[in-house]
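Chemist: Hey, dropping query-v8.txt in here, compact mmCIF, C-alpha atoms:
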```txt
# COMPACT_ATOMS: atom_id res chain seq x y z
CA MET A 1 0.00 0.00 0.00
CA ASN A 2 2.90 2.27 0.79
CA TYR A 3 3.88 2.40 -2.88
CA ILE A 4 0.43 3.36 -4.04
CA PHE A 5 0.42 6.34 -1.66
CA GLN A 6 3.85 7.38 -2.89
CA PHE A 7 2.59 7.14 -6.46
CA CYS A 8 -0.46 9.13 -5.42
CA ARG A 9 1.67 11.99 -4.10
CA ILE A 10 3.63 12.11 -7.35
CA LEU A 11 0.39 12.06 -9.37
CA ALA A 12 -1.00 14.91 -7.26
CA VAL A 13 2.07 16.97 -8.18
CA CYS A 14 1.57 16.01 -11.87
CA PHE A 15 -2.01 17.20 -11.64
CA LEU A 16 -0.95 20.55 -10.22
CA GLY A 17 1.62 20.77 -13.02
CA GLU A 18 -1.13 20.18 -15.58
CA VAL A 19 -3.29 22.86 -13.98
CA LEU A 20 -0.40 25.34 -14.13
CA ALA A 21 0.43 24.45 -17.75
CA HIS A 22 -3.20 25.06 -18.61
CA ALA A 23 -3.61 28.26 -16.62
CA LEU A 24 -0.34 30.04 -17.45
CA PRO A 25 0.34 31.41 -20.95
CA PHE A 26 3.94 30.09 -21.31
CA PRO A 27 4.84 27.26 -23.71
CA ILE A 28 6.15 25.17 -20.81
CA PRO A 29 4.73 21.65 -20.45
CA ALA A 30 3.14 20.14 -17.35
CA SER A 31 6.16 17.88 -16.77
CA VAL A 32 8.51 20.83 -16.18
CA TYR A 33 6.07 22.58 -13.84
CA GLY A 34 5.60 19.27 -12.03
CA LEU A 35 9.34 18.73 -11.69
CA VAL A 36 9.82 22.17 -10.16
CA LEU A 37 6.77 21.70 -7.89
CA LEU A 38 8.01 18.34 -6.57
CA LEU A 39 11.44 19.79 -5.91
CA THR A 40 9.84 22.72 -4.08
CA ALA A 41 7.63 20.38 -2.05
CA LEU A 42 10.69 18.38 -0.99
CA LYS A 43 12.72 21.50 -0.18
CA ALA A 44 9.83 23.06 1.74
CA GLY A 45 9.32 19.87 3.72
CA ILE A 46 5.76 19.28 2.46
CA PHE A 47 6.93 15.77 1.48
CA ARG A 48 9.72 13.89 3.17
CA LEU A 49 12.08 12.17 0.73
CA GLU A 50 11.00 8.67 1.74
CA GLN A 51 7.36 9.60 1.06
CA VAL A 52 8.05 9.65 -2.70
CA ARG A 53 11.47 8.09 -3.14
CA ALA A 54 10.75 4.40 -3.84
CA ALA A 55 7.93 4.97 -6.31
CA GLY A 56 9.82 7.81 -8.01
CA LYS A 57 13.00 5.78 -8.37
CA PHE A 58 10.99 2.94 -9.88
CA LEU A 59 9.41 5.27 -12.44
CA ILE A 60 12.83 6.71 -13.33
CA ALA A 61 14.27 3.22 -13.73
CA ILE A 62 11.63 2.17 -16.26
CA MET A 63 11.66 5.53 -18.07
CA PRO A 64 13.34 4.45 -21.35
CA MET A 65 10.67 1.78 -21.83
CA LEU A 66 7.94 4.39 -21.48
CA PHE A 67 9.06 5.99 -24.77
CA ILE A 68 8.32 2.86 -26.81
CA PRO A 69 4.72 3.70 -27.84
CA ALA A 70 5.79 7.20 -28.94
CA ALA A 71 8.88 5.91 -30.78
CA VAL A 72 6.79 3.34 -32.68
CA GLY A 73 4.77 6.34 -33.94
CA VAL A 74 7.65 6.99 -36.36
CA MET A 75 6.13 4.25 -38.55
CA GLU A 76 3.26 6.57 -39.46
CA LEU A 77 5.60 9.29 -40.66
CA TRP A 78 7.68 7.50 -43.32
CA ASP A 79 6.28 9.70 -46.11
CA ALA A 80 6.89 13.01 -44.37
CA LEU A 81 10.26 11.77 -43.13
CA GLY A 82 11.29 10.80 -46.67
CA ALA A 83 11.03 14.40 -47.90
CA MET A 84 13.44 15.62 -45.24
CA LEU A 85 15.58 12.57 -44.71
CA ILE A 86 18.95 14.31 -45.12
CA PRO A 87 18.24 17.25 -42.76
CA CYS A 88 16.79 14.78 -40.27
CA VAL A 89 19.93 12.61 -40.36
CA ILE A 90 22.19 15.66 -39.98
CA ALA A 91 20.07 17.07 -37.15
CA THR A 92 19.86 13.86 -35.14
CA GLY A 93 23.43 12.65 -35.68
CA PRO A 94 26.18 15.26 -36.13
CA ILE A 95 24.26 18.18 -34.61
CA THR A 96 23.41 16.16 -31.49
CA MET A 97 27.11 15.31 -31.12
CA PHE A 98 28.02 18.99 -31.60
CA VAL A 99 25.49 20.16 -29.00
CA MET A 100 26.58 17.53 -26.48
CA GLY A 101 30.24 18.38 -27.01
CA VAL A 102 29.79 22.16 -26.69
CA THR A 103 27.63 21.81 -23.57
CA GLY A 104 30.05 19.39 -21.92
CA ILE A 105 33.17 21.46 -22.63
CA VAL A 106 31.60 24.76 -21.55
CA THR A 107 30.08 23.29 -18.37
CA GLN A 108 33.32 21.57 -17.36
CA ASN A 109 35.44 24.68 -17.98
CA VAL A 110 33.14 27.00 -16.05
CA GLN A 111 32.82 24.49 -13.22
CA ARG A 112 36.60 24.03 -12.92
CA ARG A 113 37.36 27.75 -13.18
CA ILE A 114 34.86 28.66 -10.48
CA GLY A 115 35.95 25.70 -8.37
CA LYS A 116 39.57 26.87 -8.55
CA LYS A 117 38.67 30.43 -7.63
CA GLY A 118 36.62 29.18 -4.72
CA ALA A 119 39.56 27.18 -3.42
CA LYS A 120 42.00 30.07 -3.85
CA TYR A 121 40.00 32.59 -1.85
CA ASP A 122 38.69 29.88 0.38
CA SER A 123 35.14 31.05 -0.19
CA VAL A 124 32.18 29.01 -1.29
CA SER A 125 31.34 30.03 -4.82
CA ARG A 126 27.63 30.64 -4.65
CA MET B 1 -6.75 -13.53 -41.60
CA THR B 2 -5.15 -10.15 -40.92
CA ALA B 3 -8.54 -8.43 -40.98
CA PHE B 4 -9.65 -10.83 -38.28
CA LEU B 5 -6.46 -10.19 -36.31
CA VAL B 6 -6.87 -6.41 -36.52
CA GLU B 7 -10.46 -6.66 -35.33
CA PHE B 8 -9.49 -9.07 -32.57
CA LEU B 9 -6.63 -6.87 -31.30
CA GLY B 10 -8.80 -3.77 -31.62
CA SER B 11 -11.18 -5.26 -29.07
CA MET B 12 -8.40 -6.23 -26.66
CA SER B 13 -6.84 -3.76 -24.28
CA THR B 14 -3.82 -5.49 -22.77
CA TRP B 15 -1.64 -6.46 -25.73
CA GLY B 16 -0.08 -3.03 -26.31
CA VAL B 17 1.41 -2.88 -22.81
CA LEU B 18 2.42 -6.52 -23.04
CA LEU B 19 4.10 -5.97 -26.42
CA SER B 20 5.91 -2.82 -25.20
CA ILE B 21 7.35 -4.54 -22.13
CA GLY B 22 8.08 -7.74 -24.04
CA ALA B 23 9.89 -5.99 -26.90
CA TYR B 24 11.87 -3.84 -24.45
CA GLY B 25 12.77 -6.94 -22.42
CA LEU B 26 13.90 -8.74 -25.55
CA GLY B 27 15.99 -5.67 -26.44
CA MET B 28 17.64 -5.75 -23.00
CA PHE B 29 18.31 -9.45 -23.39
CA LEU B 30 19.91 -8.97 -26.82
CA GLN B 31 22.03 -6.07 -25.56
CA ARG B 32 23.33 -8.10 -22.62
CA ARG B 33 23.80 -11.24 -24.68
CA SER B 34 25.73 -9.54 -27.49
CA GLY B 35 27.72 -7.21 -25.22
CA GLN B 36 27.13 -4.43 -27.78
CA GLN B 37 26.25 -1.17 -26.00
CA TRP B 38 24.72 0.41 -29.12
CA LEU B 39 22.05 -2.29 -29.28
CA ASN B 40 19.81 -0.03 -27.26
CA PRO B 41 16.63 -1.70 -25.90
CA LEU B 42 14.45 1.30 -26.78
CA LEU B 43 15.76 1.27 -30.35
CA LEU B 44 15.55 -2.52 -30.73
CA GLY B 45 12.17 -2.77 -29.05
CA SER B 46 10.68 -0.01 -31.21
CA ILE B 47 12.04 -1.49 -34.45
CA LEU B 48 10.73 -4.91 -33.45
CA ILE B 49 7.22 -3.54 -32.83
CA ILE B 50 7.26 -1.49 -36.06
CA VAL B 51 8.23 -4.60 -38.06
CA LEU B 52 5.61 -6.70 -36.30
CA LEU B 53 2.77 -4.18 -36.73
CA SER B 54 3.69 -3.57 -40.38
CA ALA B 55 3.92 -7.30 -41.15
CA LEU B 56 0.54 -8.03 -39.55
CA ARG B 57 -0.98 -4.82 -40.96
CA VAL B 58 -2.13 -3.68 -37.53
CA PRO B 59 -2.66 0.11 -37.64
CA TYR B 60 -0.54 2.24 -35.30
CA PRO B 61 -3.52 3.95 -33.57
CA ASP B 62 -4.70 0.52 -32.34
CA PHE B 63 -1.32 -0.14 -30.78
CA LYS B 64 -1.12 3.40 -29.41
CA SER B 65 -4.46 3.22 -27.60
CA SER B 66 -3.72 -0.26 -26.28
CA ALA B 67 -0.29 0.85 -25.01
CA ALA B 68 -1.65 4.10 -23.52
CA PRO B 69 -0.93 3.05 -19.89
CA VAL B 70 2.77 2.92 -20.76
CA SER B 71 2.80 6.47 -22.15
CA TYR B 72 0.66 7.59 -19.23
CA LEU B 73 3.55 6.94 -16.83
CA LEU B 74 5.83 9.34 -18.73
CA LEU B 75 4.51 12.39 -16.91
CA PRO B 76 4.96 11.05 -13.35
CA ALA B 77 8.36 9.62 -14.37
CA THR B 78 9.58 12.98 -15.69
CA VAL B 79 8.28 14.75 -12.58
CA SER B 80 10.12 12.17 -10.44
CA LEU B 81 13.41 13.45 -11.86
CA ALA B 82 13.04 16.03 -9.08
CA ILE B 83 14.01 13.29 -6.59
CA PRO B 84 17.64 12.73 -7.72
CA LEU B 85 17.85 16.50 -8.08
CA TYR B 86 16.83 16.97 -4.46
CA GLU B 87 19.38 14.39 -3.40
CA GLN B 88 22.11 16.31 -5.28
CA TRP B 89 20.99 19.72 -4.06
CA GLU B 90 24.33 20.79 -2.54
CA LEU B 91 26.17 20.06 -5.77
CA LEU B 92 23.55 21.96 -7.72
CA LYS B 93 23.74 25.01 -5.49
CA LYS B 94 27.52 25.12 -5.65
CA ASN B 95 27.52 24.98 -9.47
CA THR B 96 24.57 27.14 -10.44
CA ALA B 97 26.67 29.30 -12.78
CA ALA B 98 28.27 26.34 -14.58
CA ILE B 99 24.88 24.67 -15.03
CA LEU B 100 23.14 27.76 -16.40
CA ILE B 101 26.00 28.81 -18.70
CA GLY B 102 26.46 25.20 -19.89
CA CYS B 103 22.77 24.75 -20.71
CA LEU B 104 22.64 28.13 -22.46
CA SER B 105 25.67 27.26 -24.61
CA GLY B 106 24.00 23.96 -25.57
CA VAL B 107 20.70 25.61 -26.49
CA ILE B 108 22.47 28.24 -28.60
CA ALA B 109 24.61 25.55 -30.28
CA SER B 110 21.49 23.54 -31.09
CA LEU B 111 19.32 26.40 -32.39
CA GLY B 112 22.27 27.97 -34.22
CA SER B 113 23.35 24.82 -36.02
CA ILE B 114 19.79 23.96 -37.11
CA ALA B 115 19.38 27.53 -38.43
CA ALA B 116 22.72 27.26 -40.24
CA MET B 117 21.70 23.93 -41.79
CA ALA B 118 18.37 25.44 -42.87
CA TRP B 119 20.26 28.17 -44.74
CA ILE B 120 22.83 25.89 -46.31
CA LEU B 121 20.27 23.30 -47.50
CA ARG B 122 17.71 25.98 -48.35
CA MET B 123 15.11 24.14 -46.30
CA GLU B 124 11.46 25.08 -46.30
CA ARG B 125 10.30 26.89 -43.22
CA VAL B 126 7.86 24.12 -42.24
CA HIS B 127 10.76 21.63 -42.17
CA SER B 128 13.30 23.81 -40.37
CA ALA B 129 10.76 24.84 -37.72
CA THR B 130 10.05 21.14 -37.18
CA LEU B 131 13.70 20.37 -36.46
CA LEU B 132 14.51 23.53 -34.48
CA PRO B 133 13.50 22.21 -31.01
CA LYS B 134 14.81 18.68 -31.61
CA SER B 135 17.16 18.56 -28.61
CA VAL B 136 14.56 19.19 -25.89
CA THR B 137 11.98 17.01 -24.21
CA THR B 138 9.10 15.88 -26.43
CA ALA B 139 6.43 17.82 -24.54
CA ILE B 140 8.21 21.19 -24.93
CA GLY B 141 9.61 20.43 -28.39
CA MET B 142 6.27 19.53 -29.96
CA ASP B 143 4.71 22.70 -28.58
CA VAL B 144 7.55 24.87 -29.85
CA ALA B 145 7.50 23.27 -33.34
CA GLN B 146 3.75 23.72 -33.57
CA THR B 147 3.89 27.36 -32.48
CA LEU B 148 6.59 28.17 -35.03
CA GLY B 149 4.72 26.58 -37.92
CA GLY B 150 6.39 23.15 -37.99
CA MET B 151 4.84 19.67 -37.95
CA ALA B 152 4.35 18.45 -34.38
CA PRO B 153 4.24 14.66 -35.00
CA LEU B 154 7.38 14.83 -37.10
CA ALA B 155 9.03 17.00 -34.46
CA ALA B 156 8.26 14.25 -31.95
CA ALA B 157 9.93 11.70 -34.24
CA ALA B 158 13.03 13.89 -34.68
CA ILE B 159 13.19 14.43 -30.92
CA ILE B 160 13.00 10.71 -30.21
CA LEU B 161 15.65 9.92 -32.83
CA THR B 162 17.86 12.64 -31.31
CA GLY B 163 17.39 11.08 -27.89
CA ILE B 164 18.33 7.64 -29.16
CA ALA B 165 21.39 9.07 -30.96
CA GLY B 166 22.46 10.89 -27.80
CA ASN B 167 21.91 7.79 -25.70
CA LEU B 168 24.09 5.74 -28.06
CA ILE B 169 26.99 8.18 -28.52
CA ALA B 170 27.16 9.83 -25.06
CA GLU B 171 29.67 7.55 -23.37
CA TRP B 172 32.02 7.44 -26.34
CA LEU B 173 31.81 11.14 -27.22
CA LEU B 174 32.28 12.45 -23.68
CA ASN B 175 35.29 10.18 -23.21
CA ALA B 176 36.77 11.30 -26.53
CA LEU B 177 36.40 14.98 -25.55
CA LYS B 178 37.92 14.31 -22.10
CA ILE B 179 34.84 15.49 -20.27
CA LYS B 180 35.47 13.92 -16.89
CA GLU B 181 33.35 15.89 -14.41
CA PRO B 182 30.15 13.93 -13.66
CA LEU B 183 28.23 17.21 -13.48
CA ALA B 184 29.40 18.33 -16.93
CA LYS B 185 28.62 14.88 -18.38
CA GLY B 186 25.08 15.00 -17.03
CA ILE B 187 24.40 18.54 -18.25
CA ALA B 188 25.81 17.73 -21.71
CA ILE B 189 23.63 14.63 -22.07
CA GLY B 190 20.43 16.23 -20.77
CA ALA B 191 20.80 19.43 -22.81
CA SER B 192 21.46 17.57 -26.07
CA SER B 193 19.28 14.48 -25.81
CA HIS B 194 16.63 15.02 -23.09
CA ALA B 195 15.01 12.11 -21.25
CA ILE B 196 16.15 9.29 -23.56
CA GLY B 197 19.73 10.47 -23.13
CA THR B 198 19.10 10.80 -19.40
CA ALA B 199 18.47 7.06 -19.26
CA LYS B 200 22.13 6.65 -20.26
CA ALA B 201 23.24 9.33 -17.79
CA LEU B 202 21.48 7.42 -15.00
CA GLU B 203 23.52 4.36 -15.98
CA LEU B 204 26.75 6.39 -15.75
CA GLY B 205 26.07 7.50 -12.18
CA GLU B 206 23.82 9.28 -9.69
CA VAL B 207 25.27 12.75 -10.24
CA GLU B 208 25.19 12.32 -14.02
CA GLY B 209 21.55 11.22 -13.88
CA ALA B 210 20.42 14.03 -11.59
CA MET B 211 22.20 16.73 -13.61
CA SER B 212 20.90 15.34 -16.88
CA GLY B 213 17.36 15.50 -15.50
CA LEU B 214 17.97 19.09 -14.44
CA ALA B 215 19.32 20.00 -17.89
CA ILE B 216 16.11 18.69 -19.50
CA ALA B 217 14.10 21.27 -17.60
CA VAL B 218 16.59 24.16 -17.90
CA ALA B 219 17.41 23.62 -21.60
CA GLY B 220 13.73 23.00 -22.34
CA VAL B 221 12.63 26.31 -20.87
CA MET B 222 15.55 28.19 -22.50
CA THR B 223 14.62 26.67 -25.87
CA ALA B 224 10.97 27.63 -25.44
CA VAL B 225 12.09 31.23 -24.90
CA LEU B 226 14.88 31.46 -27.52
CA ALA B 227 13.48 29.36 -30.39
CA PRO B 228 10.91 31.98 -31.49
CA ILE B 229 13.75 34.54 -31.71
CA VAL B 230 15.96 32.24 -33.81
CA ALA B 231 12.95 31.29 -35.95
CA VAL B 232 12.86 34.86 -37.26
CA LEU B 233 16.27 34.19 -38.84
CA LEU B 234 15.15 31.04 -40.65
CA PRO B 235 14.97 31.25 -44.47
```
Take the structure I supplied and represent it as structure tokens, if you would.

Modeler:
Amino acid sequence: MNYIFQFCRILAVCFLGEVLAHALPFPIPASVYGLVLLLTALKAGIFRLEQVRAAGKFLIAIMPMLFIPAAVGVMELWDALGAMLIPCVIATGPITMFVMGVTGIVTQNVQRRIGKKGAKYDSVSR
Amino acid sequence: MTAFLVEFLGSMSTWGVLLSIGAYGLGMFLQRRSGQQWLNPLLLGSILIIVLLSALRVPYPDFKSSAAPVSYLLLPATVSLAIPLYEQWELLKKNTAAILIGCLSGVIASLGSIAAMAWILRMERVHSATLLPKSVTTAIGMDVAQTLGGMAPLAAAAIILTGIAGNLIAEWLLNALKIKEPLAKGIAIGASSHAIGTAKALELGEVEGAMSGLAIAVAGVMTAVLAPIVAVLLP
């Protein structure tokens, strides 16, 4: 029963996320609102970690499988995909590598530079 | 025979979930058995189901409605990414600047390179707008593509293919570029290949997984804000 209540708490946060996505004019989906809400609820002490942890970790563990029905949807798009096959291949392959590389290098450099500064002046950087 | 099968499956409600889990399980088995990392269970499972449905002439909407409970869990699963984030809160707080600057650089790299490709290949607006948000989570990306005049279902397909590509190349690419910090690895994966990439980040480690989940949200929101501006520059 414990798990079902944990799942229930997460669903309640999802519901609030959906309400926000509906009510606010920004193009931000319910999942992002929900994520921020759950984090806030944990930080504010509305939920204790163990009140959502087991069910949440289970959902995260099975996450890749949850994309299967959506991924199979590609089969309906062969015709449209054919017309833009080359841009699609470039966008998903090389551009994804480029984006991942740029993000990784920039993040690591900023992190190390700030980390070094923090150590030098013996102050916590933010 | 197939007409009968289609009608039969149309009246059943459990087979879609069963097929999704079964195909994914078979994909996991094949990946473990072969020792080949790139044999991704999501990729293998999806291909298997596509082949099966095509061969038996079962229409996709039948599968989709029967497998709806699987997709239903996507929202609570994405929201649950807040849990590893909470557990890594200290690390997050200490590296706010690196995380924000890193995500911003990724979003600009993504939008910029798609815009550049659109110019070089002289792509039609409807196609370039479809690909523009391809690095962010499906929910945000489809919305953005739709708003900018692209095709939402095709945007979803491009987003999923991007995720699978990111999932497959992440370990190799980050090693090759000597990106060693777990935080930087996670941000790079999440900002470039959203939740499907995050599945790989979670395999790499707890910090990687948490940061990748964070990058989905941060890069997603940044893309939602910046994509309309870049879209003005599209041919």

Chemist: In Å, rounded to a single decimal, give me how far CA of Pro64 in chain A is from CA of Gly141 in chain B.

Modeler: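 Between CA of Gly141 in chain B and CA of Pro64 in chain A the gap works out to 17.9 Å.
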
Chemist: Measuring between all atoms listed in the file, which one of B:Val58, B:Leu5, B:Ala109, B:Val17 shows the shortest distance to chain A?

Modeler: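 Comparing B:Val58, B:Leu5, B:Ala109, B:Val17 against chain A, the winner is B:Ala109.
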
Chemist: Can you pull out every residue within 12 Å of Leu85 in chain A, counting all atoms listed in the file, but drop anything in the same chain fewer than 6 positions away, and send it as a PyMOL selection string?

Modeler: (chain A and resi 77-79+91-93) or (chain B and resi 123+127+131+154+157-158)

Chemist: Atoms to include: C-alpha atoms. Write the selected residues as a compact mmCIF listing (two decimals), in the frame of the given file.

Modeler:
```
# COMPACT_ATOMS: atom_id res chain seq x y z
CA LEU A 77 5.60 9.29 -40.66
CA TRP A 78 7.68 7.50 -43.32
CA ASP A 79 6.28 9.70 -46.11
CA ALA A 91 20.07 17.07 -37.15
CA THR A 92 19.86 13.86 -35.14
CA GLY A 93 23.43 12.65 -35.68
CA MET B 123 15.11 24.14 -46.30
CA HIS B 127 10.76 21.63 -42.17
CA LEU B 131 13.70 20.37 -36.46
CA LEU B 154 7.38 14.83 -37.10
CA ALA B 157 9.93 11.70 -34.24
CA ALA B 158 13.03 13.89 -34.68
```

Chemist: Find the residues near range 170-177 of chain B: any atom within 9 Å, counting only C-alpha atoms, skip ones fewer than 3 places away on the same chain, and give them as a list in words.

Modeler: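 Counting only the stated atoms, we get Met97, Met100, Gly101, Gly104 and Ile105 of chain A; Ala165, Gly166, Asn167, Lys180, Lys185, Ala188, Ile189, Gly197, Lys200, Ala201 and Leu204 of chain B.
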
Chemist: Once you have the residues from the selection above, write them out as a JSON list (two decimals), keeping the file's coordinate frame, restricted to C-alpha atoms.

Modeler:
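Resulting contents of result_6.json:
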```
[["chain", "number", "residue", "atom", "x", "y", "z"],
["A", 97, "MET", "CA", 27.11, 15.31, -31.12],
["A", 100, "MET", "CA", 26.58, 17.53, -26.48],
["A", 101, "GLY", "CA", 30.24, 18.38, -27.01],
["A", 104, "GLY", "CA", 30.05, 19.39, -21.92],
["A", 105, "ILE", "CA", 33.17, 21.46, -22.63],
["B", 165, "ALA", "CA", 21.39, 9.07, -30.96],
["B", 166, "GLY", "CA", 22.46, 10.89, -27.80],
["B", 167, "ASN", "CA", 21.91, 7.79, -25.70],
["B", 180, "LYS", "CA", 35.47, 13.92, -16.89],
["B", 185, "LYS", "CA", 28.62, 14.88, -18.38],
["B", 188, "ALA", "CA", 25.81, 17.73, -21.71],
["B", 189, "ILE", "CA", 23.63, 14.63, -22.07],
["B", 197, "GLY", "CA", 19.73, 10.47, -23.13],
["B", 200, "LYS", "CA", 22.13, 6.65, -20.26],
["B", 201, "ALA", "CA", 23.24, 9.33, -17.79],
["B", 204, "LEU", "CA", 26.75, 6.39, -15.75]]
```

Chemist: In terms of the shortest atom-to-atom distance over all atoms listed in the file, which of B:Thr138, B:Ser66, B:Ser71, B:Ser212 is closest to chain A?

Modeler: B:Ser71

Chemist: For Ala152 in chain B, please output as number ranges by chain all residues within 9 Å (counting all atoms listed in the file; exclusion window: fewer than 5 positions along the same chain).

Modeler: B: 130, 141-146, 157

Chemist: Using the selection just defined, write its residues with C-alpha atoms as an mmCIF file, in the coordinates of the input.

Modeler:
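Once written, out-v5.cif looks like this:
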```
data_model
loop_
_atom_site.group_PDB
_atom_site.id
_atom_site.type_symbol
_atom_site.label_atom_id
_atom_site.label_comp_id
_atom_site.auth_asym_id
_atom_site.auth_seq_id
_atom_site.Cartn_x
_atom_site.Cartn_y
_atom_site.Cartn_z
ATOM 1 C CA THR B 130 10.050 21.140 -37.180
ATOM 2 C CA GLY B 141 9.610 20.430 -28.390
ATOM 3 C CA MET B 142 6.270 19.530 -29.960
ATOM 4 C CA ASP B 143 4.710 22.700 -28.580
ATOM 5 C CA VAL B 144 7.550 24.870 -29.850
ATOM 6 C CA ALA B 145 7.500 23.270 -33.340
ATOM 7 C CA GLN B 146 3.750 23.720 -33.570
ATOM 8 C CA ALA B 157 9.930 11.700 -34.240
#
```

Chemist: Calculate how many Å separate CA of Ala61 in chain A from CA of Pro182 in chain B, rounding to one decimal.

Modeler: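 One can read the CA of Ala61 in chain A to CA of Pro182 in chain B distance as 19.2 Å.
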
Chemist: Counting all atoms listed in the file, select every polymer residue within 8 Å of (19.0, 24.6, -38.4) as defined in the file's coordinates, and provide the selection as number ranges by chain.

Modeler: A: 91; B: 110-119, 128, 131-132, 234

Chemist: Please provide as a list in words all residues within 10 Å of Leu202 in chain B, with the sequence filter that same-chain residues fewer than 6 positions apart are discarded (counting only C-alpha atoms).

Modeler: Ile60 and Ala61 of chain A; Pro84, Gly186, Glu208, Gly209, Ala210, Met211, Ser212 and Gly213 of chain B

Chemist: Report, as JSON, the axis-aligned box around all atoms of range 17-26 of chain B present in the file, extended by 4 Å on each side; give centre and edge lengths in Å to one decimal place.

Modeler:
```
{"center_x": 7.7, "center_y": -5.8, "center_z": -24.5, "size_x": 20.5, "size_y": 13.9, "size_z": 12.8}
```

Chemist: In Å to one decimal, how far is CA of Ala97 in chain B from CA of Pro27 in chain A?

Modeler: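 Result for CA of Pro27 in chain A versus CA of Ala97 in chain B: 24.5 Å, one decimal.
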
Chemist: Out of B:Ala231, B:Val6, B:Leu226, B:Gly220, which residue has the shortest atom-to-atom distance to Ala55 in chain B when counting all atoms listed in the file?

Modeler: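 Going through B:Ala231, B:Val6, B:Leu226, B:Gly220 one by one, the smallest distance to Ala55 in chain B is for B:Val6.
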
Chemist: What's around range 33-35 of chain A at 6 Å? Count only C-alpha atoms, leave out sequence neighbours fewer than 4 positions away in its own chain, and write the answer as an mmCIF file with C-alpha atoms, keeping the file's coordinate frame.

Modeler:
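The resulting file, out_7.cif, is shown below:
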```cif
data_model
loop_
_atom_site.group_PDB
_atom_site.id
_atom_site.type_symbol
_atom_site.label_atom_id
_atom_site.label_comp_id
_atom_site.auth_asym_id
_atom_site.auth_seq_id
_atom_site.Cartn_x
_atom_site.Cartn_y
_atom_site.Cartn_z
ATOM 1 C CA VAL A 13 2.070 16.970 -8.180
ATOM 2 C CA CYS A 14 1.570 16.010 -11.870
ATOM 3 C CA GLY A 17 1.620 20.770 -13.020
ATOM 4 C CA VAL B 79 8.280 14.750 -12.580
ATOM 5 C CA ALA B 82 13.040 16.030 -9.080
#
```

Chemist: Counting all atoms listed in the file, which of B:Gln88, B:Thr223, B:Thr147, B:Ser80 gets nearest to chain A?

Modeler: B:Ser80

Chemist: Give the answer as one residue: which of B:Val230, B:Val126, B:Ala215, B:Leu42 has the shortest atom-to-atom distance to chain A, using all atoms listed in the file?

Modeler: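 Of the candidates, the smallest distance to chain A is held by B:Leu42.
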
Chemist: Go through B:Asn40, B:Ser192, B:Thr96, B:Thr137 and flag the residue nearest Gly115 in chain A, using all atoms listed in the file for the distances.

Modeler: B:Thr96

Chemist: Quick one: residues within 12 Å of (11.6, -4.0, -22.3) (file frame), counting only C-alpha atoms, please, as a PyMOL selection string.

Modeler: (chain A and resi 61-69) or (chain B and resi 17-31+40-46+48-49+70)

Chemist: Place N, CA and C atoms on range 117-128 of chain B and deliver the coordinates as a PDB file, in the frame of the given file.

Modeler:
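out30.pdb written:
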```
ATOM      1  N   MET B 117      22.015  25.008 -40.843  1.00  0.00           N
ATOM      2  CA  MET B 117      21.700  23.930 -41.790  1.00  0.00           C
ATOM      3  C   MET B 117      20.524  24.344 -42.686  1.00  0.00           C
ATOM      4  N   ALA B 118      19.532  25.009 -42.098  1.00  0.00           N
ATOM      5  CA  ALA B 118      18.370  25.440 -42.870  1.00  0.00           C
ATOM      6  C   ALA B 118      18.794  26.378 -44.004  1.00  0.00           C
ATOM      7  N   TRP B 119      19.768  27.247 -43.715  1.00  0.00           N
ATOM      8  CA  TRP B 119      20.260  28.170 -44.740  1.00  0.00           C
ATOM      9  C   TRP B 119      21.056  27.437 -45.808  1.00  0.00           C
ATOM     10  N   ILE B 120      21.952  26.572 -45.363  1.00  0.00           N
ATOM     11  CA  ILE B 120      22.830  25.890 -46.310  1.00  0.00           C
ATOM     12  C   ILE B 120      22.025  24.974 -47.242  1.00  0.00           C
ATOM     13  N   LEU B 121      21.063  24.235 -46.674  1.00  0.00           N
ATOM     14  CA  LEU B 121      20.270  23.300 -47.500  1.00  0.00           C
ATOM     15  C   LEU B 121      19.039  23.965 -48.093  1.00  0.00           C
ATOM     16  N   ARG B 122      18.887  25.251 -47.877  1.00  0.00           N
ATOM     17  CA  ARG B 122      17.710  25.980 -48.350  1.00  0.00           C
ATOM     18  C   ARG B 122      16.414  25.230 -48.000  1.00  0.00           C
ATOM     19  N   MET B 123      16.281  24.908 -46.730  1.00  0.00           N
ATOM     20  CA  MET B 123      15.110  24.140 -46.300  1.00  0.00           C
ATOM     21  C   MET B 123      13.857  25.014 -46.245  1.00  0.00           C
ATOM     22  N   GLU B 124      12.718  24.352 -46.460  1.00  0.00           N
ATOM     23  CA  GLU B 124      11.460  25.080 -46.300  1.00  0.00           C
ATOM     24  C   GLU B 124      11.238  25.355 -44.824  1.00  0.00           C
ATOM     25  N   ARG B 125      10.550  26.442 -44.583  1.00  0.00           N
ATOM     26  CA  ARG B 125      10.300  26.890 -43.220  1.00  0.00           C
ATOM     27  C   ARG B 125       9.604  25.798 -42.382  1.00  0.00           C
ATOM     28  N   VAL B 126       8.623  25.117 -42.986  1.00  0.00           N
ATOM     29  CA  VAL B 126       7.860  24.120 -42.240  1.00  0.00           C
ATOM     30  C   VAL B 126       8.785  22.986 -41.766  1.00  0.00           C
ATOM     31  N   HIS B 127       9.825  22.695 -42.560  1.00  0.00           N
ATOM     32  CA  HIS B 127      10.760  21.630 -42.170  1.00  0.00           C
ATOM     33  C   HIS B 127      11.763  22.110 -41.118  1.00  0.00           C
ATOM     34  N   SER B 128      12.303  23.332 -41.322  1.00  0.00           N
ATOM     35  CA  SER B 128      13.300  23.810 -40.370  1.00  0.00           C
ATOM     36  C   SER B 128      12.671  24.078 -39.001  1.00  0.00           C
TER      37      SER B 128
END
```
